[in-house]
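To be precise, the following lines are query22.cif, and they hold mmCIF, C-alpha atoms.
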```cif
data_final
loop_
_atom_site.label_atom_id
_atom_site.label_comp_id
_atom_site.auth_asym_id
_atom_site.auth_seq_id
_atom_site.Cartn_x
_atom_site.Cartn_y
_atom_site.Cartn_z
CA MET R 1076 -14.63 -15.02 -13.68
CA PRO R 1077 -11.69 -17.24 -12.63
CA LEU R 1078 -8.62 -17.49 -14.76
CA LYS R 1079 -8.32 -20.54 -16.90
CA GLN R 1080 -5.44 -22.25 -15.21
CA LEU R 1081 -3.41 -25.30 -16.07
CA ILE R 1082 -0.79 -26.75 -13.76
CA ARG R 1083 1.47 -29.42 -15.08
CA VAL R 1084 5.06 -30.48 -14.77
CA SER R 1085 7.10 -30.55 -17.95
CA GLU R 1086 10.34 -32.34 -18.59
CA PRO R 1087 13.36 -30.08 -18.06
CA ALA R 1088 14.56 -28.66 -21.35
CA PRO R 1089 18.22 -28.02 -22.14
CA GLU R 1090 17.34 -24.68 -23.71
CA LEU R 1091 14.23 -22.59 -23.22
CA ASN R 1092 13.28 -19.38 -24.92
CA PHE R 1093 11.65 -16.84 -22.64
CA ASP R 1094 9.76 -13.74 -23.70
CA TYR R 1095 10.37 -12.22 -20.26
CA ASP R 1096 12.22 -13.09 -17.11
CA ILE R 1097 9.58 -11.53 -14.85
CA THR R 1098 5.96 -10.72 -15.58
CA ILE R 1099 4.18 -8.44 -13.10
CA VAL R 1100 0.38 -8.38 -13.14
CA GLY R 1101 -0.95 -5.15 -11.67
CA ALA R 1102 0.66 -1.77 -12.34
CA GLY R 1103 -0.41 0.03 -9.19
CA ILE R 1104 2.20 1.55 -6.92
CA ALA R 1105 3.55 -1.79 -5.64
CA GLY R 1106 3.81 -3.35 -9.11
CA THR R 1107 5.41 -0.31 -10.71
CA THR R 1108 7.83 0.09 -7.80
CA LEU R 1109 8.99 -3.49 -8.36
CA ALA R 1110 9.43 -2.88 -12.10
CA ALA R 1111 11.34 0.34 -11.36
CA GLY R 1112 13.57 -1.53 -8.91
CA LEU R 1113 14.54 -3.94 -11.69
CA LYS R 1114 15.86 -1.24 -14.00
CA ASN R 1115 19.43 -2.03 -15.11
CA SER R 1116 19.09 -5.49 -13.55
CA GLY R 1117 19.70 -7.40 -16.77
CA LEU R 1118 16.25 -8.93 -16.37
CA LYS R 1119 13.55 -8.50 -19.00
CA VAL R 1120 10.27 -7.40 -17.39
CA ALA R 1121 6.65 -7.29 -18.60
CA LEU R 1122 4.08 -5.17 -16.76
CA ILE R 1123 0.43 -6.09 -17.32
CA GLU R 1124 -2.28 -3.58 -16.33
CA ALA R 1125 -6.00 -3.79 -17.03
CA GLN R 1126 -6.53 -0.02 -17.23
CA PRO R 1127 -4.86 2.61 -19.42
CA GLN R 1128 -2.05 4.41 -17.61
CA ALA R 1129 -3.99 7.67 -17.33
CA VAL R 1130 -7.01 5.92 -15.80
CA ALA R 1131 -4.88 3.99 -13.31
CA ALA R 1132 -3.16 7.24 -12.29
CA SER R 1133 -6.43 9.09 -11.71
CA ARG R 1134 -7.58 7.12 -8.67
CA GLN R 1135 -8.61 9.22 -5.70
CA GLN R 1136 -6.66 7.58 -2.87
CA VAL R 1137 -4.49 9.50 -0.43
CA TYR R 1138 -1.68 7.73 1.40
CA ALA R 1139 0.51 8.21 4.41
CA ILE R 1140 4.07 7.60 3.19
CA THR R 1141 6.70 6.46 5.67
CA LEU R 1142 10.29 7.62 5.87
CA LEU R 1143 11.43 4.24 4.55
CA SER R 1144 9.17 4.47 1.51
CA GLY R 1145 10.65 7.89 0.82
CA LYS R 1146 14.14 6.38 0.98
CA ILE R 1147 13.13 3.62 -1.44
CA PHE R 1148 11.83 6.19 -3.92
CA GLN R 1149 15.01 8.20 -3.40
CA GLY R 1150 17.09 5.12 -4.20
CA LEU R 1151 15.09 4.69 -7.41
CA GLY R 1152 15.90 8.29 -8.37
CA ILE R 1153 12.29 9.55 -8.44
CA TRP R 1154 11.89 11.03 -4.96
CA ASP R 1155 12.47 14.67 -5.92
CA LYS R 1156 9.56 14.57 -8.39
CA ILE R 1157 7.25 12.92 -5.86
CA ARG R 1158 8.37 15.10 -2.95
CA ALA R 1159 7.50 18.29 -4.86
CA ASN R 1160 3.79 17.37 -4.77
CA ILE R 1161 3.29 15.85 -1.32
CA THR R 1162 3.36 17.19 2.24
CA ALA R 1163 5.85 16.33 4.97
CA PHE R 1164 4.66 15.89 8.56
CA SER R 1165 6.12 18.54 10.85
CA GLN R 1166 4.33 16.86 13.74
CA ILE R 1167 2.06 13.89 14.50
CA ASN R 1168 -0.59 14.35 17.16
CA LEU R 1169 -2.02 11.17 18.71
CA SER R 1170 -4.94 11.48 21.15
CA ASP R 1171 -7.68 9.52 22.87
CA THR R 1172 -11.07 10.84 23.93
CA GLY R 1173 -10.84 12.61 27.28
CA THR R 1174 -7.06 12.25 27.77
CA GLU R 1175 -3.94 14.25 27.10
CA GLY R 1176 -2.52 13.48 23.68
CA VAL R 1177 0.98 12.55 22.55
CA VAL R 1178 2.92 14.85 20.25
CA PHE R 1179 5.62 13.32 18.04
CA ASN R 1180 8.23 15.68 16.64
CA PRO R 1181 10.99 15.06 14.07
CA SER R 1182 13.55 15.77 16.79
CA ASP R 1183 12.43 12.56 18.53
CA LEU R 1184 14.16 10.68 15.70
CA GLY R 1185 16.85 13.27 15.01
CA ARG R 1186 15.31 14.01 11.62
CA ASP R 1187 13.71 16.90 9.77
CA GLU R 1188 10.45 15.09 8.95
CA LEU R 1189 8.28 12.28 10.34
CA GLY R 1190 6.63 11.08 7.16
CA TYR R 1191 4.51 12.35 4.31
CA ALA R 1192 0.99 12.47 2.91
CA GLY R 1193 0.41 12.32 -0.83
CA GLU R 1194 -2.25 11.67 -3.40
CA HIS R 1195 -2.18 8.71 -5.74
CA CYS R 1196 -1.88 11.11 -8.68
CA ALA R 1197 1.35 12.53 -7.21
CA ILE R 1198 3.04 9.12 -7.07
CA LEU R 1199 1.92 6.70 -9.77
CA PRO R 1200 2.44 9.04 -12.78
CA VAL R 1201 6.06 9.56 -11.68
CA LEU R 1202 6.60 5.81 -11.60
CA GLN R 1203 4.88 5.41 -14.98
CA GLU R 1204 7.07 8.09 -16.55
CA PHE R 1205 10.18 6.44 -15.11
CA LEU R 1206 9.20 3.04 -16.50
CA ASN R 1207 8.37 4.43 -19.93
CA ASP R 1208 12.08 5.19 -20.23
CA CYS R 1209 13.22 1.74 -19.04
CA PRO R 1210 14.36 -0.30 -22.05
CA ASN R 1211 14.06 -3.59 -20.13
CA VAL R 1212 10.39 -3.00 -19.16
CA THR R 1213 7.53 -3.67 -21.60
CA TRP R 1214 4.03 -2.36 -20.87
CA LEU R 1215 1.06 -4.54 -21.83
CA CYS R 1216 -1.67 -2.03 -21.10
CA PRO R 1217 -4.61 -2.15 -21.16
CA ALA R 1218 -4.51 -5.92 -21.07
CA GLU R 1219 -6.33 -8.76 -19.37
CA LEU R 1220 -4.77 -11.95 -18.10
CA VAL R 1221 -6.72 -14.85 -19.64
CA SER R 1222 -4.90 -17.99 -18.52
CA VAL R 1223 -1.87 -19.14 -16.58
CA ASP R 1224 -0.03 -22.39 -17.27
CA TYR R 1225 2.55 -23.21 -14.56
CA GLN R 1226 5.28 -25.57 -15.66
CA SER R 1227 8.44 -26.64 -13.90
CA ASP R 1228 10.77 -24.27 -15.77
CA PHE R 1229 8.50 -21.38 -16.74
CA VAL R 1230 4.99 -19.96 -16.77
CA GLU R 1231 3.04 -19.60 -19.99
CA ILE R 1232 0.53 -16.76 -19.89
CA GLU R 1233 -2.21 -15.83 -22.29
CA VAL R 1234 -2.96 -12.11 -22.35
CA LYS R 1235 -5.71 -10.24 -24.16
CA VAL R 1236 -4.18 -6.92 -25.21
CA ALA R 1237 -6.55 -4.12 -26.25
CA GLY R 1238 -5.80 -1.86 -29.20
CA ASP R 1239 -5.54 1.89 -28.64
CA LYS R 1240 -8.96 3.31 -29.52
CA ASP R 1241 -7.56 6.83 -29.74
CA GLU R 1242 -5.16 5.98 -32.52
CA GLN R 1243 -6.27 6.10 -36.18
CA ASP R 1244 -4.11 3.09 -36.98
CA ALA R 1245 -5.17 1.24 -33.85
CA GLN R 1246 -4.51 -2.48 -33.72
CA PRO R 1247 -7.50 -4.67 -32.83
CA THR R 1248 -7.67 -6.57 -29.58
CA SER R 1249 -5.40 -9.59 -29.76
CA ASN R 1250 -4.44 -12.52 -27.59
CA GLN R 1251 -0.75 -13.09 -26.93
CA ARG R 1252 0.97 -16.05 -25.33
CA ILE R 1253 4.17 -15.28 -23.46
CA ARG R 1254 6.67 -17.35 -21.52
CA THR R 1255 8.16 -16.00 -18.33
CA ARG R 1256 10.45 -17.38 -15.67
CA LEU R 1257 8.44 -15.80 -12.85
CA LEU R 1258 4.94 -14.42 -12.41
CA VAL R 1259 4.43 -11.72 -9.75
CA ALA R 1260 0.89 -11.01 -8.57
CA ALA R 1261 0.40 -7.36 -7.67
CA ASP R 1262 -3.28 -7.43 -8.55
CA GLY R 1263 -4.78 -6.35 -5.26
CA MET R 1264 -6.65 -7.70 -2.26
CA LYS R 1265 -9.02 -9.80 -4.38
CA SER R 1266 -6.14 -11.21 -6.44
CA ARG R 1267 -7.39 -13.63 -9.08
CA ILE R 1268 -3.88 -15.01 -9.47
CA ARG R 1269 -3.60 -15.83 -5.76
CA ASN R 1270 -7.07 -17.38 -5.62
CA ASP R 1271 -6.64 -19.47 -8.76
CA ALA R 1272 -3.24 -20.66 -7.59
CA GLY R 1273 -5.00 -22.09 -4.52
CA ILE R 1274 -3.12 -19.99 -1.97
CA PRO R 1275 -5.28 -19.73 1.17
CA THR R 1276 -5.60 -16.57 3.24
CA HIS R 1277 -6.61 -15.95 6.81
CA GLY R 1278 -7.95 -12.88 8.54
CA TRP R 1279 -11.27 -11.16 9.11
CA LYS R 1280 -13.47 -8.26 8.19
CA TYR R 1281 -13.82 -5.65 10.92
CA TRP R 1282 -17.09 -4.30 12.25
CA GLN R 1283 -16.00 -0.97 10.79
CA SER R 1284 -15.93 0.86 7.48
CA CYS R 1285 -14.00 3.98 6.52
CA ILE R 1286 -15.27 7.22 5.02
CA THR R 1287 -12.61 9.20 3.17
CA THR R 1288 -12.86 12.68 1.73
CA ARG R 1289 -10.85 15.87 1.30
CA VAL R 1290 -11.54 19.16 3.04
CA LYS R 1291 -10.09 22.65 2.85
CA PRO R 1292 -9.85 24.28 6.30
CA GLU R 1293 -10.09 28.01 6.86
CA LYS R 1294 -6.85 28.10 8.88
CA PRO R 1295 -3.43 26.61 7.97
CA HIS R 1296 -2.96 22.93 8.76
CA ASN R 1297 0.74 23.60 9.53
CA ASN R 1298 1.69 20.17 8.13
CA ILE R 1299 0.40 18.43 11.27
CA ALA R 1300 -1.04 14.91 11.01
CA TYR R 1301 -3.65 13.83 13.55
CA GLU R 1302 -4.79 10.39 14.68
CA ARG R 1303 -7.70 10.73 17.07
CA PHE R 1304 -9.25 7.70 18.71
CA TRP R 1305 -12.95 7.46 19.45
CA PRO R 1306 -14.90 4.48 20.81
CA SER R 1307 -16.41 4.08 17.32
CA GLY R 1308 -12.98 3.98 15.64
CA PRO R 1309 -9.95 6.11 14.71
CA PHE R 1310 -10.26 9.44 12.92
CA ALA R 1311 -7.22 10.61 10.94
CA ILE R 1312 -6.38 13.97 9.38
CA LEU R 1313 -3.57 14.05 6.82
CA PRO R 1314 -2.22 17.41 5.56
CA LEU R 1315 -2.02 17.84 1.79
CA PRO R 1316 -0.55 20.52 -0.49
CA GLY R 1317 -2.69 23.61 -1.06
CA ASN R 1318 -3.77 23.71 2.59
CA ARG R 1319 -6.08 20.74 2.02
CA CYS R 1320 -6.57 17.77 4.32
CA ASN R 1321 -7.61 14.19 3.77
CA ILE R 1322 -10.00 12.64 6.27
CA VAL R 1323 -10.10 8.93 7.13
CA TRP R 1324 -13.10 8.43 9.39
CA THR R 1325 -13.57 4.91 10.75
CA ALA R 1326 -16.97 3.97 12.17
CA PRO R 1327 -19.24 0.93 12.53
CA HIS R 1328 -20.77 -0.09 9.20
CA GLU R 1329 -24.25 1.35 9.74
CA GLU R 1330 -22.88 4.64 11.06
CA ALA R 1331 -20.48 4.93 8.14
CA LYS R 1332 -23.25 4.17 5.67
CA ALA R 1333 -25.44 6.85 7.26
CA LEU R 1334 -22.60 9.39 7.04
CA LEU R 1335 -22.12 8.60 3.37
CA GLU R 1336 -25.82 9.23 2.68
CA LEU R 1337 -25.93 12.67 4.37
CA ASP R 1338 -25.99 15.74 2.18
CA ASP R 1339 -22.86 17.91 2.25
CA GLU R 1340 -24.17 20.40 4.80
CA GLN R 1341 -25.27 17.70 7.25
CA PHE R 1342 -22.03 15.81 6.77
CA LEU R 1343 -20.00 18.94 7.58
CA VAL R 1344 -21.97 19.36 10.82
CA GLU R 1345 -21.03 15.81 11.86
CA LEU R 1346 -17.48 16.26 10.62
CA ARG R 1347 -16.91 19.35 12.75
CA ARG R 1348 -17.88 17.36 15.85
CA LYS R 1349 -15.01 14.97 15.14
CA TYR R 1350 -12.61 17.42 13.55
CA GLY R 1351 -12.95 20.25 16.08
CA ASP R 1352 -12.66 23.99 15.52
CA HIS R 1353 -8.87 24.33 15.62
CA MET R 1354 -8.68 24.98 11.85
CA GLY R 1355 -11.83 27.05 11.51
CA ARG R 1356 -14.53 26.54 8.91
CA LEU R 1357 -14.26 23.49 6.65
CA GLU R 1358 -15.14 23.12 2.98
CA LEU R 1359 -15.65 19.77 1.30
CA GLU R 1360 -13.53 19.09 -1.76
CA GLY R 1361 -14.68 16.27 -3.97
CA LYS R 1362 -16.69 13.16 -3.24
CA ARG R 1363 -16.92 10.95 -0.20
CA PHE R 1364 -15.90 7.29 -0.51
CA MET R 1365 -16.52 4.32 1.76
CA PHE R 1366 -14.69 1.01 2.04
CA GLN R 1367 -14.92 -1.88 4.47
CA VAL R 1368 -11.93 -2.54 6.69
CA GLN R 1369 -10.28 -5.93 6.51
CA LEU R 1370 -7.20 -7.75 7.79
CA MET R 1371 -5.76 -10.44 5.54
CA GLN R 1372 -2.54 -12.43 5.41
CA SER R 1373 -1.79 -15.04 2.75
CA ASN R 1374 -0.69 -18.38 4.14
CA ARG R 1375 2.28 -18.22 1.81
CA TYR R 1376 3.68 -15.48 -0.39
CA VAL R 1377 5.38 -17.76 -2.90
CA GLN R 1378 5.25 -21.05 -4.70
CA PRO R 1379 7.37 -22.20 -7.65
CA ARG R 1380 7.20 -19.57 -10.44
CA LEU R 1381 4.85 -17.31 -8.45
CA ALA R 1382 5.24 -14.53 -5.87
CA LEU R 1383 2.66 -12.25 -4.24
CA ILE R 1384 3.34 -8.63 -3.28
CA GLY R 1385 1.33 -5.78 -1.82
CA ASP R 1386 -2.39 -6.21 -1.23
CA ALA R 1387 -2.34 -9.53 -3.09
CA ALA R 1388 -0.29 -10.87 -0.16
CA HIS R 1389 -1.75 -8.93 2.79
CA CYS R 1390 -3.86 -6.01 3.91
CA CYS R 1391 -4.33 -4.29 7.25
CA HIS R 1392 -6.49 -1.82 9.16
CA PRO R 1393 -5.84 1.74 7.87
CA VAL R 1394 -5.02 3.05 11.35
CA GLY R 1395 -1.44 4.34 11.21
CA GLY R 1396 -1.45 4.48 7.39
CA GLN R 1397 0.74 1.41 6.90
CA GLY R 1398 -0.95 -0.42 4.00
CA LEU R 1399 0.70 1.09 0.92
CA ASN R 1400 4.08 1.19 2.63
CA LEU R 1401 4.06 -2.57 3.20
CA GLY R 1402 3.61 -3.07 -0.54
CA ILE R 1403 6.45 -0.68 -1.36
CA ARG R 1404 8.73 -2.59 1.02
CA ASP R 1405 7.65 -5.90 -0.56
CA ALA R 1406 8.58 -4.54 -3.98
CA ALA R 1407 12.00 -3.32 -2.86
CA ALA R 1408 12.71 -6.59 -1.05
CA ILE R 1409 11.80 -8.95 -3.89
CA ALA R 1410 13.64 -6.76 -6.41
CA GLN R 1411 16.79 -7.16 -4.30
CA VAL R 1412 16.33 -10.93 -3.90
CA LEU R 1413 15.76 -11.46 -7.63
CA GLN R 1414 18.72 -9.33 -8.71
CA ASP R 1415 21.06 -11.07 -6.26
CA ALA R 1416 19.88 -14.48 -7.49
CA HIS R 1417 20.31 -13.44 -11.13
CA LYS R 1418 23.85 -12.24 -10.48
CA ASN R 1419 24.65 -15.58 -8.86
CA GLY R 1420 23.29 -17.55 -11.82
CA GLU R 1421 20.31 -18.94 -9.89
CA ASP R 1422 16.86 -19.67 -11.27
CA ILE R 1423 14.83 -16.62 -10.18
CA GLY R 1424 11.55 -18.58 -10.30
CA SER R 1425 12.73 -21.43 -8.10
CA LEU R 1426 11.22 -21.93 -4.67
CA PRO R 1427 14.51 -21.59 -2.71
CA VAL R 1428 15.08 -18.13 -4.25
CA LEU R 1429 11.51 -16.96 -3.70
CA GLN R 1430 11.48 -18.20 -0.11
CA ARG R 1431 14.20 -15.65 0.70
CA TYR R 1432 11.70 -12.94 -0.13
CA GLU R 1433 8.93 -14.64 1.84
CA GLY R 1434 11.18 -15.16 4.85
CA TRP R 1435 12.14 -11.48 4.79
CA ARG R 1436 8.73 -9.92 4.36
CA LYS R 1437 6.09 -12.26 5.80
CA THR R 1438 7.15 -11.89 9.43
CA GLU R 1439 7.67 -8.14 9.17
CA ASN R 1440 4.26 -7.71 7.58
CA LEU R 1441 2.62 -9.87 10.23
CA ALA R 1442 4.08 -7.61 12.92
CA ILE R 1443 2.47 -4.54 11.32
CA LEU R 1444 -0.84 -6.36 10.78
CA GLY R 1445 -0.83 -7.31 14.45
CA PHE R 1446 0.14 -3.80 15.54
CA THR R 1447 -2.68 -2.13 13.60
CA ASP R 1448 -5.20 -4.73 14.79
CA ILE R 1449 -4.29 -4.28 18.45
CA LEU R 1450 -4.26 -0.50 18.08
CA ASP R 1451 -7.78 -0.45 16.65
CA ARG R 1452 -9.18 -2.91 19.19
CA LEU R 1453 -7.47 -1.20 22.11
CA PHE R 1454 -8.80 2.25 21.30
CA SER R 1455 -12.22 1.33 19.84
CA ASN R 1456 -13.30 0.07 23.23
CA ASN R 1457 -14.98 1.45 26.35
CA TRP R 1458 -14.35 -1.52 28.64
CA LEU R 1459 -12.70 -0.02 31.74
CA PRO R 1460 -9.70 -2.42 32.00
CA VAL R 1461 -8.88 -1.74 28.33
CA VAL R 1462 -9.31 2.01 28.83
CA ILE R 1463 -6.86 1.90 31.74
CA VAL R 1464 -4.33 -0.05 29.65
CA ARG R 1465 -4.44 2.44 26.80
CA TRP R 1466 -4.19 5.42 29.15
CA LEU R 1467 -1.07 3.81 30.62
CA GLY R 1468 0.24 3.29 27.11
CA LEU R 1469 -0.30 6.94 26.20
CA TRP R 1470 1.36 7.98 29.46
CA GLY R 1471 4.35 5.83 28.54
CA LEU R 1472 4.56 7.43 25.10
CA ARG R 1473 4.51 10.90 26.67
CA LYS R 1474 6.94 10.24 29.52
CA VAL R 1475 9.28 7.40 28.49
CA GLN R 1476 11.43 8.50 25.56
CA PRO R 1477 12.67 5.01 24.51
CA VAL R 1478 9.05 3.84 24.24
CA LYS R 1479 8.20 6.89 22.16
CA VAL R 1480 11.18 6.37 19.85
CA PHE R 1481 10.39 2.67 19.42
CA ALA R 1482 6.79 3.47 18.44
CA LEU R 1483 7.98 6.14 16.00
CA ARG R 1484 10.54 3.84 14.40
CA LEU R 1485 7.84 1.21 13.92
CA MET R 1486 5.38 3.68 12.36
CA THR R 1487 7.97 5.27 10.08
CA GLY R 1488 9.33 1.96 8.72
CA LEU R 1489 12.71 2.26 10.40
CA LEU R 1490 12.44 -1.06 12.25
CA GLY R 1491 13.21 -4.28 10.43
CA ARG R 1492 15.52 -5.06 7.54
CA THR R 1493 16.20 -2.14 5.22
CA PRO R 1494 16.37 -2.90 1.48
CA GLN R 1495 19.67 -2.01 -0.14
CA ILE R 1496 18.04 0.49 -2.47
CA ALA R 1497 16.90 2.52 0.55
CA GLN R 1498 20.50 2.71 1.76
CA ARG R 1499 21.77 4.54 -1.32
CA LEU R 1500 22.81 8.12 -0.73
#
```

Before we go any further, please render this structure as structure tokens.
Amino acid sequence: MPLKQLIRVSEPAPELNFDYDITIVGAGIAGTTLAAGLKNSGLKVALIEAQPQAVAASRQQVYAITLLSGKIFQGLGIWDKIRANITAFSQINLSDTGTEGVVFNPSDLGRDELGYAGEHCAILPVLQEFLNDCPNVTWLCPAELVSVDYQSDFVEIEVKVAGDKDEQDAQPTSNQRIRTRLLVAADGMKSRIRNDAGIPTHGWKYWQSCITTRVKPEKPHNNIAYERFWPSGPFAILPLPGNRCNIVWTAPHEEAKALLELDDEQFLVELRRKYGDHMGRLELEGKRFMFQVQLMQSNRYVQPRLALIGDAAHCCHPVGGQGLNLGIRDAAAIAQVLQDAHKNGEDIGSLPVLQRYEGWRKTENLAILGFTDILDRLFSNNWLPVVIVRWLGLWGLRKVQPVKVFALRLMTGLLGRTPQIAQRL
């Protein structure tokens, strides 16, 4: 159901009372990272989330986390708590069917690690705990956005806030109207805020879907991440704590659907064909999930009083594990832009301020969207000229160190503009 939305221009008022300076809709990792980045900013922040915190934190996703994302979390002061429950990559192994693979080592970048793999439940609860101690951040959770009224100087939002059913003195569900200088949409790929604001998107759905699940191998995974390319699509193995691994298996829709419908024993037979025998016998842990793969870029990330971040602004093919990291970088970038503008006495919801964020992130995101798209199309292909090109590319990665370092810097988030928070020691 679309939001009830009014758009009108009001006469400038000499004095306006605001409930919040910034209202963020969507308290996933991107939204909470933005709120955390605004701690001690002097800005009053509201965070609206449809689900209770515990439910939002219980999602089953597993993410690849880049070196830059780790630095952003370190700058926020929460990295030690996250790092204790995720796995660092000691090596990344990239291979194509029938050819010699490429091995990336931390020494290629002069570092101790190449990236990380972590579960949603190892990241979001840490951010939630951090924000619960932020006096300038107010949670409206669980709450539903009912209407948005954009005016020239502010946004008026109607929110339906649910009472806590677990409390004896619970308050009933109530509607609140709040005024905010800026609305930030962090409400995901199907963002209602983006759609109802009339912001177009472009992109396409791939011919592929992804199956994800966790397995426990018989032998140690040795903290090695694998990206194996097959004509049907990439197959990734991410090491997790407790000698578990997360599988991201990309295949054409019908094949993926058939894999999802297999019983556990049959699925393990098919999985071993892709996974190999290098880690011995495999045990399934938990359910299998399937999602369709899509590329999407919003035509614009901002308009007066509104900014999009994370999946509300863009999404990419999961090859290379870049999706979440783009949202974390968005959050760090817009937090920096807004704080700088606030310090300079500027209107944080004005288009000139918001366009600084868009100019920073839109091009960088487009580069990653293009990189993941080309990577998938190049390797999910048996046409001989394309096969020759990718073999030459893999040869270059193995033999030409500057090419290898460039690719690693791109995958680990070390290319492009680094947010100030990631530069803190």

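Across R:Ile1097, R:Ala1408, R:Val1130, R:Met1264, the tightest approach to Thr1493 (chain R) is made by R:Ala1408 when counting all atoms listed in the file.
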
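Between CA of Ala1159 (chain R) and CA of Gln1135 (chain R) the interatomic distance comes to 18.5 Å.
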
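Proximity ranking of R:Val1230, R:Leu1184, R:Val1464, R:Val1344 relative to Phe1481 (chain R) places R:Leu1184 first, based on only C-alpha atoms.
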
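Within 9 Å of Pro1217 (chain R), once only C-alpha atoms are used and residues closer than 4 positions along the same chain are dropped, the contacting residues are Ile1123, Glu1124, Ala1125, Gln1126, Pro1127, Gln1128, Lys1235, Val1236, Ala1237, Gly1238 and Asp1239 of chain R.
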
Applying the PyMOL selection byres ((chain R and resi 1433) around 9) to the file I just gave you, which residues come out? Please list them as a PyMOL selection string.
chain R and resi 1375-1377+1382+1409+1429-1432+1434-1438

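The spacing separating CA of Ala1110 (chain R) from CA of Ala1131 (chain R) amounts to 15.9 Å.
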
Would you mind completing region 1284-1289 of chain R to all heavy atoms and writing the output as a tab-separated table (two decimals), keeping the file's coordinate frame?
```
chain	number	residue	atom	x	y	z
R	1284	SER	N	-16.24	0.39	8.83
R	1284	SER	CA	-15.93	0.86	7.48
R	1284	SER	C	-15.30	2.24	7.60
R	1284	SER	O	-15.38	2.89	8.65
R	1284	SER	CB	-17.20	0.95	6.62
R	1284	SER	OG	-17.71	-0.32	6.33
R	1285	CYS	N	-14.67	2.68	6.53
R	1285	CYS	CA	-14.00	3.98	6.52
R	1285	CYS	C	-14.67	4.90	5.51
R	1285	CYS	O	-14.96	4.49	4.38
R	1285	CYS	CB	-12.52	3.85	6.16
R	1285	CYS	SG	-11.51	3.23	7.50
R	1286	ILE	N	-14.87	6.15	5.92
R	1286	ILE	CA	-15.27	7.22	5.02
R	1286	ILE	C	-14.03	8.07	4.76
R	1286	ILE	O	-13.35	8.50	5.70
R	1286	ILE	CB	-16.37	8.11	5.65
R	1286	ILE	CG1	-17.62	7.29	5.94
R	1286	ILE	CG2	-16.68	9.29	4.74
R	1286	ILE	CD1	-18.41	6.90	4.73
R	1287	THR	N	-13.73	8.32	3.50
R	1287	THR	CA	-12.61	9.20	3.17
R	1287	THR	C	-13.11	10.35	2.31
R	1287	THR	O	-13.98	10.17	1.47
R	1287	THR	CB	-11.49	8.46	2.42
R	1287	THR	OG1	-11.98	8.03	1.15
R	1287	THR	CG2	-11.00	7.25	3.20
R	1288	THR	N	-12.55	11.51	2.54
R	1288	THR	CA	-12.86	12.68	1.73
R	1288	THR	C	-11.78	13.73	1.97
R	1288	THR	O	-10.97	13.60	2.88
R	1288	THR	CB	-14.26	13.26	2.08
R	1288	THR	OG1	-14.61	14.24	1.11
R	1288	THR	CG2	-14.29	13.87	3.47
R	1289	ARG	N	-11.79	14.76	1.15
R	1289	ARG	CA	-10.85	15.87	1.30
R	1289	ARG	C	-11.60	17.11	1.75
R	1289	ARG	O	-12.74	17.34	1.33
R	1289	ARG	CB	-10.11	16.16	-0.01
R	1289	ARG	CG	-9.20	15.06	-0.48
R	1289	ARG	CD	-8.59	15.42	-1.84
R	1289	ARG	NE	-7.77	14.38	-2.39
R	1289	ARG	CZ	-8.21	13.31	-3.02
R	1289	ARG	NH1	-9.50	13.14	-3.18
R	1289	ARG	NH2	-7.38	12.42	-3.51
```
